[in-house]
Amino acid sequence: MRIAILSRSKNLYSTKRLKEAGEARGHEVDIIDTLHCYMDITSSKPTVRFKGEQLPHYDAIIPRIGASITFYGTAVVRQFEMMGSFCVNESVAISRSRDKLRSMQLLSRKGIGLPRTGFAHSPDNIKDLIKNVGGAPVVIKLLEGTQGIGVVLAESNKAAESVIEAFMGIKSNILVQEFIEEAGGSDIRCFVVGNKVVAAIKRQGQEGEFRSNLHRGGSAEVVRISSEERATAVSAAKIMGLNVCGVDLLRSKNGPVVMEVNSSPGLEGIETASKKDVASLIFEFIEKNARPNNNKTKGTG
Ligand code: ADP
Ligand code: MG
């Protein structure tokens, strides 16, 4: 098959591994810089152009769309959908998962375990917002944050109020969440391909750090997950409409709770810790599912 990886750089671990795995399985794999694609959407025959030339037809597209380019990146993915290419994650599902508020609303409707969470823009009663999720300690997040930046633990109600006021001052959307202390600074990343968890790792934050993000110095090790955790991850992926994603869970005293669902999960941490060839499993999925115009909007909302 002719397959394109949409990625900002061919030197990223995940991009390199995907190209290598695809070629090893006999596919022709191109890496295309998403932001340098431009689109012809006026004609009846939609096309994507790159460096002065029309791109060939691709049987499948693997979108690796970073959080900072969601708007343009999803437009490029959508254009490939218009052209009938099979996109591993469709544009609507990527946009949906990038919005933490939208994601949590959709997951809550289907009864997926979530930390008690409040969302606000300009709350008139900050004390009530905090009280509503159980009071301090609470986690306060910027809606657009990623890699652990913009995630703050407020240990007292007073601290929580000040942080919320500060975020309100910069006109940000805020998320206030029950602190899952028993997770002990760790979370579980379940890597989902199709309707299976193909690998799972436990990420542990550095000593004294409640955020487990590898970008914040966390470490990863392979972990056995329970059937409840497996089922939660698979359902969350299905609700978001993502075929390939990383579902992050916290182990709470009431069972697994979903933190977020990542539509372009990195391969380095998961492949290194689990010693699994996740990249090849993504191609296996493509081989089974790529048919022209086989992107239909799944998930809801
Ligand atoms: P980001 O998108 O920046 O990664 P997350 O919501 O995933 O933001 O939070 C980053 C990390 O902080 C999580 O991986 C987790 O370890 C920790 N964390 C976030 N929210 C909570 C919470 N409610 N309780 C306990 N730990 C949390
Ligand atoms: Mg995270």
# chains A, B, ... in the order shown; residues from 1 in each chain; ligands from 1
$ residues_around --residues "range 283-289 of chain A" --least-positions-apart "3" --cutoff "7 Å" --atoms "only C-alpha atoms" --output "list of chain:residue names"
A:Gly22, A:Gly194, A:Ala279, A:Ser280
$ residues_around --residues "Ser274 in chain A" --least-positions-apart "5" --cutoff "8 Å" --atoms "only C-alpha atoms" --output "PDB file with N, CA, C and O atoms, in the first residue's frame"
ATOM      1  N   ALA A 199      -0.411  -2.607  24.524  1.00  0.00           N
ATOM      2  CA  ALA A 199       0.688  -2.480  25.487  1.00  0.00           C
ATOM      3  C   ALA A 199       0.245  -1.512  26.570  1.00  0.00           C
ATOM      4  O   ALA A 199      -0.570  -0.621  26.319  1.00  0.00           O
ATOM      5  N   ALA A 200       0.775  -1.700  27.764  1.00  0.00           N
ATOM      6  CA  ALA A 200       0.443  -0.776  28.856  1.00  0.00           C
ATOM      7  C   ALA A 200       1.684  -0.531  29.693  1.00  0.00           C
ATOM      8  O   ALA A 200       2.464  -1.459  29.942  1.00  0.00           O
ATOM      9  N   ILE A 201       1.879   0.720  30.072  1.00  0.00           N
ATOM     10  CA  ILE A 201       3.013   1.044  30.943  1.00  0.00           C
ATOM     11  C   ILE A 201       2.533   1.890  32.113  1.00  0.00           C
ATOM     12  O   ILE A 201       1.521   2.586  32.030  1.00  0.00           O
ATOM     13  N   GLU A 221       7.589   1.854  33.267  1.00  0.00           N
ATOM     14  CA  GLU A 221       7.849   0.416  33.301  1.00  0.00           C
ATOM     15  C   GLU A 221       6.593  -0.315  32.841  1.00  0.00           C
ATOM     16  O   GLU A 221       5.481   0.215  32.942  1.00  0.00           O
ATOM     17  N   VAL A 222       6.793  -1.520  32.337  1.00  0.00           N
ATOM     18  CA  VAL A 222       5.666  -2.286  31.840  1.00  0.00           C
ATOM     19  C   VAL A 222       4.790  -2.690  33.035  1.00  0.00           C
ATOM     20  O   VAL A 222       5.281  -2.851  34.152  1.00  0.00           O
TER      21      VAL A 222
END
$ residues_near_ligand --ligand "ligand 1" --cutoff "8 Å" --atoms "only C-alpha atoms and all ligand atoms" --output "PyMOL selection string"
chain A and resi 115+138-141+144-151+177-187+203-205+210-213+248+250+259-260
$ select_by_dssp --residues "range 2-250 of chain A" --states "strand (DSSP E)" --output "NGL selection string"
:A and (2-6 or 28-32 or 37-40 or 47-50 or 53-54 or 60-63 or 86-87 or 117-120 or 138-142 or 151-154 or 174-178 or 186-193 or 196-204 or 219-222 or 244-250)
$ select_by_dssp --residues "range 247-298 of chain A" --states "alpha helix (DSSP H)" --output "MDAnalysis selection string"
chainID A and resid 268:274 278:289
$ atom_distance --atom1 "CA of Gly52 in chain A" --atom2 "CA of Ala75 in chain A"
19.0 Å
$ residues_around --residues "Gly246 in chain A" --least-positions-apart "6" --cutoff "8 Å" --atoms "only C-alpha atoms" --output "PDB file with N, CA and C atoms, in the first residue's frame"
ATOM      1  N   ARG A 189      -0.580   4.261  31.125  1.00  0.00           N
ATOM      2  CA  ARG A 189      -0.841   4.568  29.718  1.00  0.00           C
ATOM      3  C   ARG A 189      -1.190   3.269  29.001  1.00  0.00           C
ATOM      4  N   CYS A 190      -2.434   3.197  28.525  1.00  0.00           N
ATOM      5  CA  CYS A 190      -2.862   2.030  27.756  1.00  0.00           C
ATOM      6  C   CYS A 190      -2.814   2.406  26.282  1.00  0.00           C
ATOM      7  N   PHE A 191      -2.042   1.683  25.509  1.00  0.00           N
ATOM      8  CA  PHE A 191      -1.936   1.980  24.082  1.00  0.00           C
ATOM      9  C   PHE A 191      -2.957   1.116  23.352  1.00  0.00           C
ATOM     10  N   VAL A 192      -3.931   1.781  22.748  1.00  0.00           N
ATOM     11  CA  VAL A 192      -5.024   1.055  22.091  1.00  0.00           C
ATOM     12  C   VAL A 192      -4.825   1.069  20.580  1.00  0.00           C
ATOM     13  N   VAL A 261      -7.331  11.160  26.766  1.00  0.00           N
ATOM     14  CA  VAL A 261      -7.136  10.238  25.654  1.00  0.00           C
ATOM     15  C   VAL A 261      -6.318  10.981  24.606  1.00  0.00           C
ATOM     16  N   ASN A 262      -5.158  10.428  24.277  1.00  0.00           N
ATOM     17  CA  ASN A 262      -4.227  11.109  23.385  1.00  0.00           C
ATOM     18  C   ASN A 262      -4.277  10.486  21.983  1.00  0.00           C
ATOM     19  N   SER A 263      -4.559  11.313  20.977  1.00  0.00           N
ATOM     20  CA  SER A 263      -4.746  10.784  19.623  1.00  0.00           C
ATOM     21  C   SER A 263      -3.438  10.597  18.855  1.00  0.00           C
ATOM     22  N   SER A 264      -2.327  11.139  19.351  1.00  0.00           N
ATOM     23  CA  SER A 264      -1.025  10.877  18.717  1.00  0.00           C
ATOM     24  C   SER A 264      -0.047  10.395  19.782  1.00  0.00           C
ATOM     25  N   PRO A 265      -0.316   9.234  20.363  1.00  0.00           N
ATOM     26  CA  PRO A 265       0.537   8.773  21.461  1.00  0.00           C
ATOM     27  C   PRO A 265       1.944   8.437  20.973  1.00  0.00           C
TER      28      PRO A 265
END
$ residues_around --residues "His36 in chain A" --least-positions-apart "2" --cutoff "10 Å" --atoms "only C-alpha atoms" --output "MDAnalysis selection string"
chainID A and resid 8 32:34 38:39 49:51 76
$ residues_around --residues "Ile94 in chain A" --least-positions-apart "5" --cutoff "10 Å" --atoms "only C-alpha atoms" --output "ChimeraX atom specification"
/A:63-65,67,70-71,73-74,77,89,99,240-242,245,261-264
$ residues_around --residues "Ile5 in chain A" --least-positions-apart "2" --cutoff "7 Å" --atoms "only C-alpha atoms" --output "NGL selection string"
:A and (3 or 7 or 30-32 or 61-63)
$ residues_around --residues "Asn293 in chain A" --least-positions-apart "6" --cutoff "8 Å" --atoms "only C-alpha atoms" --output "mmCIF file with N, CA and C atoms, in the first residue's frame"
data_model
loop_
_atom_site.group_PDB
_atom_site.id
_atom_site.type_symbol
_atom_site.label_atom_id
_atom_site.label_comp_id
_atom_site.auth_asym_id
_atom_site.auth_seq_id
_atom_site.Cartn_x
_atom_site.Cartn_y
_atom_site.Cartn_z
ATOM 1 N N GLU A 81 -9.390 12.718 3.892
ATOM 2 C CA GLU A 81 -10.658 11.968 3.986
ATOM 3 C C GLU A 81 -11.525 12.287 2.760
ATOM 4 N N MET A 83 -10.560 12.955 -0.063
ATOM 5 C CA MET A 83 -9.970 12.301 -1.233
ATOM 6 C C MET A 83 -10.118 10.780 -1.165
ATOM 7 N N GLY A 84 -10.734 10.289 -0.098
ATOM 8 C CA GLY A 84 -10.994 8.847 -0.002
ATOM 9 C C GLY A 84 -9.890 8.033 0.646
ATOM 10 N N SER A 85 -8.833 8.693 1.145
ATOM 11 C CA SER A 85 -7.780 7.929 1.834
ATOM 12 C C SER A 85 -8.313 7.463 3.181
ATOM 13 N N PHE A 86 -7.862 6.301 3.626
ATOM 14 C CA PHE A 86 -8.259 5.814 4.943
ATOM 15 C C PHE A 86 -7.358 6.474 5.981
#
$ closest_residue --among "A:Thr42, A:Ser226, A:Ser235, A:Asn132" --to "Val176 in chain A" --atoms "only C-alpha atoms"
A:Asn132
$ closest_residue --among "A:Val247, A:Leu106, A:Ala231, A:Leu55" --to "ligand 2" --atoms "only C-alpha atoms and all ligand atoms"
A:Val247
$ closest_residue --among "A:Ser103, A:Tyr13, A:Glu268, A:Ala154" --to "Lys238 in chain A" --atoms "only C-alpha atoms"
A:Ser103
